[in-house]
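To start, the structure itself, in structure tokens.
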Amino acid sequence: MLWLLLLPLPLRAFAALDKTFGVSPDLVAKYVPSKSNMWTCLDGSKEIPWDFVNDDSCDCSDGSDEPGTGACPNQSFYCQNKGHIGSFIPSSRVKDGLCEPTCCDGSDERPGVCKNVCKQVGEAYKKKFDEEIKLRKTGSKIRSTYIAFAHKEKKRLEEVIESSGAEIIIQEKELERVRAIAERTEALSAAALEMKQQSPLYNSLLIHSNALKSLQMEHQKHLKREKELSTILDSLRTGYNPNYQDMAVLEAVRGWEEIAGLPHINDVGKDSVTDEEAGVDESSGDLQVAKPAVEEEESEFWTAEELENDLDDLLKTDYVSLLLEHDDYAQAPAEGSVLFDLASYLPDSIAPQYEEFKETFVSWLVGLGIIKGESPSSTDTSRSRQALSDAEVHLRDLKKEKEQAENDLKEMFNVHGYGAEGEWKKLDGTCLRTDVGDYTYEVCLFGEAKQIPKKGGTTFSLGKFSSWNDSPDVKPGDEEYYRKQVYKRGTRCWNGPERNVVLLLSCGTDNVLDSVVELEKCEYQFSGTTPALCLPLNGSEGKGKKKSKDEL
Ligand SMILES: [Ca+2]
Ligand SMILES: [Ca+2]
């Protein structure tokens, strides 16, 4: 009797609509009536007559009774799109009078309203899909060479780490040994130097030097005094009153004029004298003092000018170095010296051992009275010091090399670095360029992005590599993660922020930069392609595509 109450059925408009119309393929099996011709809403909340399904009136609270009409809110409608791939649209777009582009079969509207274009759409899609497959095939082959490169590089780095590690151990021992030699040699030399300084020649040289320094000081004092005196005499000469007939004054003036080579003050201005005095230096300060009579040795003596300019340098001589130099010089041809020069005849490889051995050997010879007690010369000191600093530099270089290799290796198969498969390592430092307007834009992967003016001018840094896709909703290591690189901290814009770049990448057979746009002031977006993003077709992505193709 109850069903009689529900009789005003004929009012329902789409009674003829297929019950599975608009049902997603994986739910079709659930759209069958019960024996009593009833149907249960998908959420199990209610049982309704089978006729109520797709009757354009919402009966189930979950809306599942209206898959093919827009009667229930927030539902999905499935277009079968035969000849292409099925798709879902919001049920509100069903029979709204507009042809939904994703429903190429036109099933979202009444028959005859929208044309079925699935054949054309499907063909175009297939063509594009095949092209993509081809691109991916070629690209992934290149990508696999990148991965191979990373493995080779990994092996190389491991070898570097191992060999430099072993070398470091050896070099550390070597450094210890060389340092000990250097310290011993230096200690010996200090004692030897003290002895050398007892040399009468050295002591005499110091006395000469001191005497010369004193003489220079005295000389300067006298020059100053002479200058003051000449000033006094000059003013006497020009200022005295001849009318007083003071013979003492006149004599002084005459005497001064003679020494200084000046004309008599009373004759100045008279023609007769000027010729005679013309060549004379009038500057009384620069006196030509009587020259020494030792003519034959004149060339060896210093001129006043040399005394003035060069004496200081001479007095600055490092007498200790001079002493050591002299010692080497004097020692060279002397008896027993072949011992000290032997090192220069030895191959470099055994020279250090020789140096070490020499001390012992010499002490034996001294002990046996065969040679006089001598000590290594300054060349020994500088040589052992050089060996020490060479060893230090070598060790530092080895450590640097090892550290660099370790860091590179760490980044190699790192999702944050060169990718889990190392596929990006090959591109480290690869520079991509493109011209836009008056500029060439360049990005060196994992390096720096630049804006280079074509007609000359300042090149701006647009930022240095900072990270892969830094959006919080992208998981490091996902394909999406590697589709974006961020370059930050470029040259600051005038009155603005630092320039930065977002590089968007997609699969392509070449590493190229396709476009550059300035999204906002100083914010650049570069787009390009790279084989590093062409995942192999048998990967998860390839399977997904195949599946959708099977659905055709
Ligand atoms: Ca209904
Ligand atoms: Ca529509």
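Residue names in the structure tokens use chain letters A, B, ... in the order shown, residue numbers from 1 in each chain, and ligand numbers from 1 in the order shown.
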request  = For Ser87 of chain A, please output as a PyMOL selection string all residues within 8 Å (counting only C-alpha atoms; exclusion window: fewer than 4 positions along the same chain).
outcome  = chain A and resi 78-81+102-103
Residues of chain A at most 6 Å from ligand 1: nearest atom pair and distance in Å, only C-alpha atoms and all ligand atoms, as JSON lines:
```
{"residue": "A:Phe52", "atom": "CA", "partner": "ligand 1", "partner_atom_place_in_ligand_line": "1 (Ca)", "distance": 4.2}
{"residue": "A:Val53", "atom": "CA", "partner": "ligand 1", "partner_atom_place_in_ligand_line": "1 (Ca)", "distance": 4.7}
{"residue": "A:Asn54", "atom": "CA", "partner": "ligand 1", "partner_atom_place_in_ligand_line": "1 (Ca)", "distance": 5.3}
{"residue": "A:Asp55", "atom": "CA", "partner": "ligand 1", "partner_atom_place_in_ligand_line": "1 (Ca)", "distance": 4.7}
{"residue": "A:Asp56", "atom": "CA", "partner": "ligand 1", "partner_atom_place_in_ligand_line": "1 (Ca)", "distance": 5.5}
{"residue": "A:Ser57", "atom": "CA", "partner": "ligand 1", "partner_atom_place_in_ligand_line": "1 (Ca)", "distance": 4.2}
{"residue": "A:Cys58", "atom": "CA", "partner": "ligand 1", "partner_atom_place_in_ligand_line": "1 (Ca)", "distance": 4.5}
{"residue": "A:Asp59", "atom": "CA", "partner": "ligand 1", "partner_atom_place_in_ligand_line": "1 (Ca)", "distance": 4.9}
{"residue": "A:Asp65", "atom": "CA", "partner": "ligand 1", "partner_atom_place_in_ligand_line": "1 (Ca)", "distance": 5.1}
{"residue": "A:Glu66", "atom": "CA", "partner": "ligand 1", "partner_atom_place_in_ligand_line": "1 (Ca)", "distance": 5.5}
```
Taking only C-alpha atoms and all ligand atoms into account, list the residues no farther than 10 Å from ligand 2, as a short mmCIF file (atom, residue, chain, number, x, y, z; two decimals) with N, CA and C atoms, in the first residue's frame.
```cif
data_model
loop_
_atom_site.label_atom_id
_atom_site.label_comp_id
_atom_site.auth_asym_id
_atom_site.auth_seq_id
_atom_site.Cartn_x
_atom_site.Cartn_y
_atom_site.Cartn_z
N GLY A 70 21.61 16.40 -12.81
CA GLY A 70 22.19 17.37 -11.89
C GLY A 70 21.30 17.56 -10.66
N ILE A 89 32.87 15.36 -14.63
CA ILE A 89 32.59 16.79 -14.51
C ILE A 89 31.66 16.97 -13.33
N PRO A 90 31.61 18.16 -12.75
CA PRO A 90 30.65 18.38 -11.66
C PRO A 90 29.22 18.20 -12.20
N SER A 91 28.39 17.53 -11.42
CA SER A 91 27.04 17.23 -11.90
C SER A 91 26.22 18.51 -12.18
N SER A 92 26.65 19.62 -11.59
CA SER A 92 25.94 20.88 -11.83
C SER A 92 26.05 21.32 -13.29
N ARG A 93 27.03 20.76 -14.02
CA ARG A 93 27.20 21.15 -15.41
C ARG A 93 26.42 20.22 -16.36
N VAL A 94 25.70 19.30 -15.77
CA VAL A 94 24.88 18.41 -16.61
C VAL A 94 23.60 19.16 -16.98
N LYS A 95 23.32 19.16 -18.25
CA LYS A 95 22.10 19.82 -18.79
C LYS A 95 21.97 21.27 -18.37
N ASP A 96 23.12 21.95 -18.41
CA ASP A 96 23.08 23.38 -18.12
C ASP A 96 23.09 24.17 -19.43
N GLY A 97 23.00 23.43 -20.55
CA GLY A 97 22.93 24.09 -21.85
C GLY A 97 24.29 24.39 -22.45
N LEU A 98 25.37 24.13 -21.71
CA LEU A 98 26.71 24.40 -22.24
C LEU A 98 27.44 23.08 -22.48
N CYS A 99 28.11 23.00 -23.64
CA CYS A 99 28.85 21.77 -23.95
C CYS A 99 30.16 21.76 -23.17
N GLU A 100 30.34 20.76 -22.36
CA GLU A 100 31.55 20.65 -21.54
C GLU A 100 32.70 20.15 -22.43
N PRO A 101 33.82 20.90 -22.48
CA PRO A 101 34.92 20.47 -23.38
C PRO A 101 35.46 19.08 -23.02
N THR A 102 35.45 18.75 -21.74
CA THR A 102 36.01 17.45 -21.36
C THR A 102 35.04 16.30 -21.65
N CYS A 103 33.79 16.63 -21.94
CA CYS A 103 32.85 15.60 -22.36
C CYS A 103 32.73 15.65 -23.89
N GLY A 106 29.48 14.72 -25.70
CA GLY A 106 28.30 15.57 -25.56
C GLY A 106 27.25 15.00 -24.63
N SER A 107 27.61 13.99 -23.84
CA SER A 107 26.63 13.31 -23.00
C SER A 107 26.13 14.16 -21.83
N ASP A 108 26.76 15.31 -21.60
CA ASP A 108 26.31 16.14 -20.49
C ASP A 108 25.07 16.97 -20.84
N GLU A 109 24.74 16.97 -22.10
CA GLU A 109 23.54 17.70 -22.51
C GLU A 109 22.56 16.74 -23.20
N ARG A 110 21.32 17.26 -23.42
CA ARG A 110 20.32 16.43 -24.11
C ARG A 110 20.85 16.02 -25.47
N VAL A 113 22.23 18.28 -28.65
CA VAL A 113 22.69 19.64 -28.28
C VAL A 113 24.19 19.78 -28.58
N CYS A 114 24.97 18.80 -28.12
CA CYS A 114 26.42 18.87 -28.34
C CYS A 114 26.86 17.78 -29.31
#
```
task = For each of A:Thr238, A:Thr491, A:Asn243, A:Ser34, take the minimum atom-to-atom distance to Trp256 of chain A, counting only C-alpha atoms, then give the residue where this is smallest.
result =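 Nearest to Trp256 of chain A: A:Thr238.
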task = Calculate how many Å separate atom CA of Asp313 of chain A from atom CA of Glu300 of chain A, rounding to one decimal.
result = 17.6 Å
Which residue of A:Lys35, A:Arg383, A:Lys213, A:Lys425 approaches Val178 of chain A most closely, using only C-alpha atoms =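 So, comparing all the options, the nearest one is A:Arg383.
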